[in-house]
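Have a look at the structure below before the remarks.
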Amino acid sequence: MKSNSDYDIIVIGAGHAGCEAALASARMGLSTCIFTMNLDTIGQMSCNPAIGGLAKSHLVKEIDALGGEMAKITDKAGIQFKILNKSKGPAVWATRVQADRALYRKYMRESLETQAGLDIRQEKVEELLVDKNQVYGIKTTGNPSPHPSPARGEGERIYNAKAVIIAAGTFLNGLIHIGLENFPAGRAGEPPSTRLSKSLSDIGFKIGRLKTGTPPRLDVKGIDFSVMSIQEGDVPSSAMSLFTKEITNSQLPCYMTYTNERTHKIILDNLKYSPLYSGVIKGIGPRYCPSIEDKVVKFSDKPKHQIFLEPEGIDTDEYYANGISTSLPQEVQVKLVRSIKGLENAEIKKFGYAIEYDFVYPTQLKPTLETKPIQGLFLAGQINGTSGYEEAAAQGLIAGINAALKIKGKEPFILGRHEAYIGVLIDDLVTKGTKEPYRMFTSRAEYRLLLRQDNADLRLMEKGFNLGLINNEQFNQLLEKKTLIEAEIKRIKSTRVKPDIINPVLAKLGGTPVKENASLYQLLKRPEIRYADIAKISAPHPNPSPLRGSEGRGELSHDVIIQVEIQTKYKGYIQRQADLAEKFKKIEEKQIPEGFIYKGIPGLSREIVEKLEEVRPFNLGQASRISGMTPAAISLLMVAVERRKREQNQNVKIKNQN
Amino acid sequence: MFTDDTIAAISTPLGHSGIGIVRLSGKDAIKIADKIFLSPKNKTLKQILSHRIIYGHIINLNKEIIDEALISVMRSPHTYTKEDVVEINCHGGPVPLRRILELVLKNGARLAEPGEFTRRAFLNGRIDLAQAEAVLDVINAMTEQSQKSAIEQLRGGLSKKIEAIREKLIELTAFVEAYIDFPEEDIEPMSLTGMKERALKIQQSLRELIESSHYGMILREGLKTAIIGRPNVGKSSLLNALLEQDRAIVTEVPGTTRDVIEDYLNIQGLPVKIMDTAGIREVEDIAEKEGVKRSLFAMKDADLALIVLDGSEDLHDTDRELIEKSNPQNTILVINKIDLPQKIKLKESKTHKNVIASPDTSGRSNLKDEILRGVYPEQKDEILRGVYPEQKDEILRGVYPEQKDEILRFAQNDMRRAQNDMRRAQNDKLEVLSNHIVKISALKGMGLDELKDKIVEAVLHGKPANGSGIVTNIRHVNALERALKSINSFIKEIDKKTSPEFLSVELRESLDAIGEIIGITTPEDILNRIFSNFCIGK
């Protein structure tokens, strides 16, 4: 056993969480090493070949605004771009991108490899090294090979670090089920990590078990697309990242077909071979992503379920059969697939499976994603009970940032529920925990109308800049965009137009005519009026920045126009939520010191004290979200916190006097 | 929980004291109080100096005066909470206090949490820790106690009713949310009409609950009882007899009891708030006119009306009119002065004919003649006006002679139906009236116990007999009202075809308000509903 070179930060796992964590920490100037069991699966999309969608694209765009990597790689690997919910308001628009799996891995690996200050090592991490509640490094088995080392201990290495981020995904004690057979694995064809999980439970972490699943992948040769409906992407493609100038990949469509009564009968006849229904699987699976077995059993009145056939990439024959996640035996999967219209002759290239894995109950974490019991140890991604690439990446970024800040001795970086979906995600995890794989939905956000994907940059980029993750040029562009938006809103508010100019325009658009002069702003508030309409009545001043204008004709860029439109049209509702958010912020700012003693606060019931001790909220706002908390209890807590603060001030004074 | 909005509460114990105080604290305290305050000299509270008291009136949203009050304005920082504080000193008693509290809440204040004034005082450095803890400890204990009783109260029908409303709200929200979050799932979108229908049902349930809270209010704040009658039938004597004290001036001169005075009595545990009114009669005297107006208003406003009749005289037209205008469900006819020789025809007063002239049913055969002959003039206009206005002229003028028979037959049918309706209504009224007739002598104290029995009986019969399923807590009523307000906006927005993410804002506000009564509805609750109702799984 020998001690190798030291790092500031070690990241375990190079999936979506690990990659963001490692990049953020290296970019913030800390020497970082990322460990993966296989260099070829860096940035692997282990389930569906798509990134984004409702609430998820919100996360990705927030990551982007904070200087993260996911959006940029998505654009480079994207083979179909689509905005969902276009018929609804902008707060719930969402970008969803089908991505080429291989390209995604390739570009993410490139990003890691070209990042200064970041080492990549293919070694299997076995153990955390902890001394007096402080992590100081890891032990690895060296290069993991399918052929175990002849003698234990050979190849073991130790790496020292000031902070360790675990982003192990589904690998902790992973157990794959296909039919009634099961075998340990991290993903299909990859070994699990068994000793790391034990290391965590030895330290004292409470560990739970979750389940997720994936559908079969089909060979394109046996698919008859002619009987399916085709789903094309948007033209032109709208990029995920603010910084993407152009989408270069050729674009591919998806196809849609349905299960039928025959499919359902096959499933029902074979339920006894389902690990899910025979009780073999103990972990809790996500209800928003049920297996086809679950769908057929729980919604038996539905005669058919939709299946989306999604291309796995440009240079591959594989199609992902989204909608029929299953852990039935292989021969049943074949029958099941071939009962579906257009798949009568389909060959399964990879079988669907269910996987059970260990996770750490996330209430054991601080909002920085550092664990409460062990200093310097951070957890991110699926290990915290979440599901989804985007949720994982968001946590990776936050863990990476906070690990770096901690080492630099700076204030932690915590996003509020009113600031970002990332804030909602982490607050939910650390305050309420989770019982099933946690996925983000827009309905989880109280301030949904403020947390739009269109304004992620306006909300967060300045923070990214302050962290050192957004460069000067990017930040200056943001400032310029803000200026242009404000100036244009000011202009349309002050530009008043006579009825004889407005009314012909209104008549064309089917609006009721005005009687008096109206401002462009008032006009834009009308549902039938778009920005282009008022720009025709009175165009903006020549754009002071030719850089941002389209085709350099001094017009405002699309981004600016969208903001002007949204901020004008939805002003009422946005303001209403902004007022609420403002109030929310006040109580969120009332911090509870770390290590605060809850016992002995007069009037607090034992039950409440226990809950407070478990969650150890950072502030009164978080405390108020703990289940069972009463306003009276918060009052008492508020007073107790204040007393503690005053006592400390008193002590400081006395000390100073002495 | 928030720390810088404006809070309000009744700061004097709910009881029958002469003066009550509604206190506001926060940055908008003065602004809010100004909205409900009208000074005789048109001064606003904003203009007056700190720590001064000003006299004026409290006005409601329609700018009607509802009380007089002394208002003290205390500006930050020299106040209990170190914030701007306004104290509205008004007539004591739960009703005016509550009415004023409701007004300030409607104008933007928030109902203070238990102990919140003290908490603010402490946090703003006004009082020291020991003081704050002492107060908060007691308040917390009391809160726990009242929460316990609130829970007990909620265990009955009320919690079921509110739970049912919440269920419906979650259902609707889940739908809207599913539509937002799962655009690619195979979910049949609920039509706007469907959503509206559901919302209307919720609206209806909320309204019913809020209305039912009225009975709860009776138990807590008194049965509003109006004593009605023309001058000098003995209303004041009756009041005195009931109060057993000399509050109103008793005189032989009609119209001397001019002011509406209110007081409480306790009848078999039922708090009864008596409102004496000026006699109902058209007089030249302006004050008297005002009294009459108020009497009619009081009758409408009252939970129970006691119509006092003079047994020593025949029924006057005013008496008849009063009986006619009363609601049989909550009226007791009190025949006073039974110590004098009786002229009032008691038996006759039980029958239809002598109260209101009855239509002659034998006249069915020739409707027109009867109308023209004026057999029942009182009803002619009303019936013709209400029942078949478009045919009235034709019938009377006989414009369509060739269709006359047909029209008449048609008219006769309608007429008969109308007569039946009316008779049924009048019979109902009479039935109640005859059940609710009490004979007394206020001066000699005769029949008062029987009257008291009748009052209790009227409450128990006319309204639910016990507290189950009834909202009694002002905080709860307030929460329900906010829930209703949000549902109303939801319905409005649906009519405007607003996008679902905005509709959701209204539904969530409604759920949050309900949540203040039976616990918060979390996003998880809504997601649970989505996943159990819809097969989500792309």
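Each chain in the structure tokens gets a letter, A, B and so on, in the order shown; residues start at 1 in every chain, and ligands are counted from 1 in the order they appear.
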
Using only C-alpha atoms, determine which residues of chain B fall within 6 Å of chain A; present them as a PyMOL selection string. chain B and resi 137+181+499+523+536-538

N, CA and C atoms of the current selection, written as a short mmCIF file (atom, residue, chain, number, x, y, z; two decimals), in the first residue's frame:
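Saved as selection.cif:
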data_model
loop_
_atom_site.label_atom_id
_atom_site.label_comp_id
_atom_site.auth_asym_id
_atom_site.auth_seq_id
_atom_site.Cartn_x
_atom_site.Cartn_y
_atom_site.Cartn_z
N ASP B 137 -44.75 31.32 26.13
CA ASP B 137 -44.97 30.03 26.74
C ASP B 137 -46.46 29.83 27.04
N ASP B 181 -47.44 19.20 -16.48
CA ASP B 181 -46.17 18.50 -16.33
C ASP B 181 -46.02 17.30 -17.26
N SER B 499 -54.22 30.13 -19.40
CA SER B 499 -53.33 28.96 -19.46
C SER B 499 -53.24 28.27 -18.09
N PRO B 523 -46.95 19.55 -2.51
CA PRO B 523 -46.87 19.12 -3.91
C PRO B 523 -46.91 17.59 -4.01
N ILE B 536 -48.92 7.58 -15.92
CA ILE B 536 -47.81 8.39 -16.39
C ILE B 536 -46.65 7.45 -16.64
N GLY B 537 -45.91 7.62 -17.69
CA GLY B 537 -44.80 6.69 -17.82
C GLY B 537 -44.05 6.76 -19.12
N LYS B 538 -43.86 7.97 -19.64
CA LYS B 538 -42.97 8.02 -20.78
C LYS B 538 -41.55 7.99 -20.26
#

For this session: Please identify all polymer residues within 12 Å of Gly352 of chain A, counting only C-alpha atoms, omitting same-chain residues fewer than 3 positions from it, and present them as number ranges by chain.
Result: A: 46-48, 176-179, 187-188, 212-218, 291-292, 320-334, 336-337, 348-349, 355

Selection above as a file: C-alpha atoms, as a JSON list (two decimals), in the first residue's frame:
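Generated output (selection_6.json):
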[["chain", "number", "residue", "atom", "x", "y", "z"],
["A", 46, "SER", "CA", -27.86, 4.72, -18.93],
["A", 47, "CYS", "CA", -31.57, 5.01, -19.57],
["A", 48, "ASN", "CA", -33.41, 6.98, -22.22],
["A", 176, "ILE", "CA", -30.06, -6.36, -11.80],
["A", 177, "HIS", "CA", -33.26, -8.37, -12.24],
["A", 178, "ILE", "CA", -34.41, -10.01, -15.44],
["A", 179, "GLY", "CA", -37.24, -12.38, -14.72],
["A", 187, "ARG", "CA", -25.49, -1.11, -15.02],
["A", 188, "ALA", "CA", -25.99, -3.77, -17.67],
["A", 212, "THR", "CA", -35.59, 1.62, -11.27],
["A", 213, "GLY", "CA", -35.91, -0.01, -14.64],
["A", 214, "THR", "CA", -35.19, 0.30, -18.30],
["A", 215, "PRO", "CA", -36.88, -1.00, -21.47],
["A", 216, "PRO", "CA", -35.47, -3.24, -24.20],
["A", 217, "ARG", "CA", -33.40, -1.73, -27.04],
["A", 218, "LEU", "CA", -34.46, -2.85, -30.49],
["A", 291, "SER", "CA", -42.78, -0.73, -15.76],
["A", 292, "ILE", "CA", -45.21, -1.94, -18.41],
["A", 320, "TYR", "CA", -34.94, 2.76, -27.33],
["A", 321, "ALA", "CA", -38.51, 1.54, -26.69],
["A", 322, "ASN", "CA", -39.65, 4.25, -24.29],
["A", 323, "GLY", "CA", -42.78, 3.17, -22.42],
["A", 324, "ILE", "CA", -42.19, -0.56, -21.98],
["A", 325, "SER", "CA", -39.66, -0.64, -19.19],
["A", 326, "THR", "CA", -39.77, -4.24, -18.00],
["A", 327, "SER", "CA", -38.03, -6.86, -15.91],
["A", 328, "LEU", "CA", -39.91, -9.85, -17.32],
["A", 329, "PRO", "CA", -37.83, -12.85, -18.50],
["A", 330, "GLN", "CA", -36.10, -12.49, -21.85],
["A", 331, "GLU", "CA", -38.37, -14.85, -23.77],
["A", 332, "VAL", "CA", -41.43, -12.96, -22.47],
["A", 333, "GLN", "CA", -39.86, -9.67, -23.51],
["A", 334, "VAL", "CA", -39.50, -11.03, -27.04],
["A", 336, "LEU", "CA", -44.27, -8.83, -25.65],
["A", 337, "VAL", "CA", -42.35, -6.70, -28.12],
["A", 348, "ILE", "CA", -34.13, -7.14, -29.04],
["A", 349, "LYS", "CA", -30.50, -6.02, -28.95],
["A", 355, "ILE", "CA", -32.11, -2.58, -10.96]]

One residue among A:Gly78, A:Gly595, A:Pro513, A:Gly416 is nearest to Ser237 of chain A when using only C-alpha atoms, and that residue is A:Gly78

Nearest to Ala199 of chain B, restricted to only C-alpha atoms and choosing among B:Lys224, B:Arg23, B:Lys168, B:Lys35, comes out as B:Lys168

Could you pull out the alpha helix (DSSP H) residues of segment 266-481 of chain A from DSSP and send them as a PyMOL selection string? chain A and resi 266-269+292-298+330-338+389-408+421-427+456-467+472-481

Discussion item. Give me the residues near segment 420-424 of chain A as a ChimeraX atom specification, where near means some atom within 9 Å (using only C-alpha atoms) and where sequence neighbours in that chain fewer than 3 positions away do not count.
Written reply: /A:55-56,58-59,62-63,367,391,394-395,398,414-417,427-429,440,442,444-446,448,450-452,456,459-460

| message | Just want the 8 Å neighbourhood of Val308 of chain B, counted on only C-alpha atoms, with same-chain residues fewer than 4 positions away dropped. Output as a VMD selection string. | response | chain B and resid 227 to 230 233 to 235 333 to 336

Could you tell me how far atom CA of Glu318 of chain A lies from atom CA of Glu69 of chain A, in Å and to one decimal?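 Interatomic distance here is 26.1 Å.
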
### Residues within 12 Å of Asp301 of chain A, only C-alpha atoms, excluding chain neighbours under 5 positions, as number ranges by chain
A: 260-261, 264, 295-296; B: 533-535

Q: Can you pull out every residue within 10 Å of Arg120 of chain B, counting only C-alpha atoms, but drop anything in the same chain fewer than 2 positions away, and send it as a ChimeraX atom specification?
A: /A:635,639 /B:3-4,25-26,80-83,115-118,122-127,132

Across B:Pro77, B:Ile491, B:Glu167, B:Ser326, the smallest distance to Asp301 of chain B, with only C-alpha atoms counted, is shown by B:Ser326
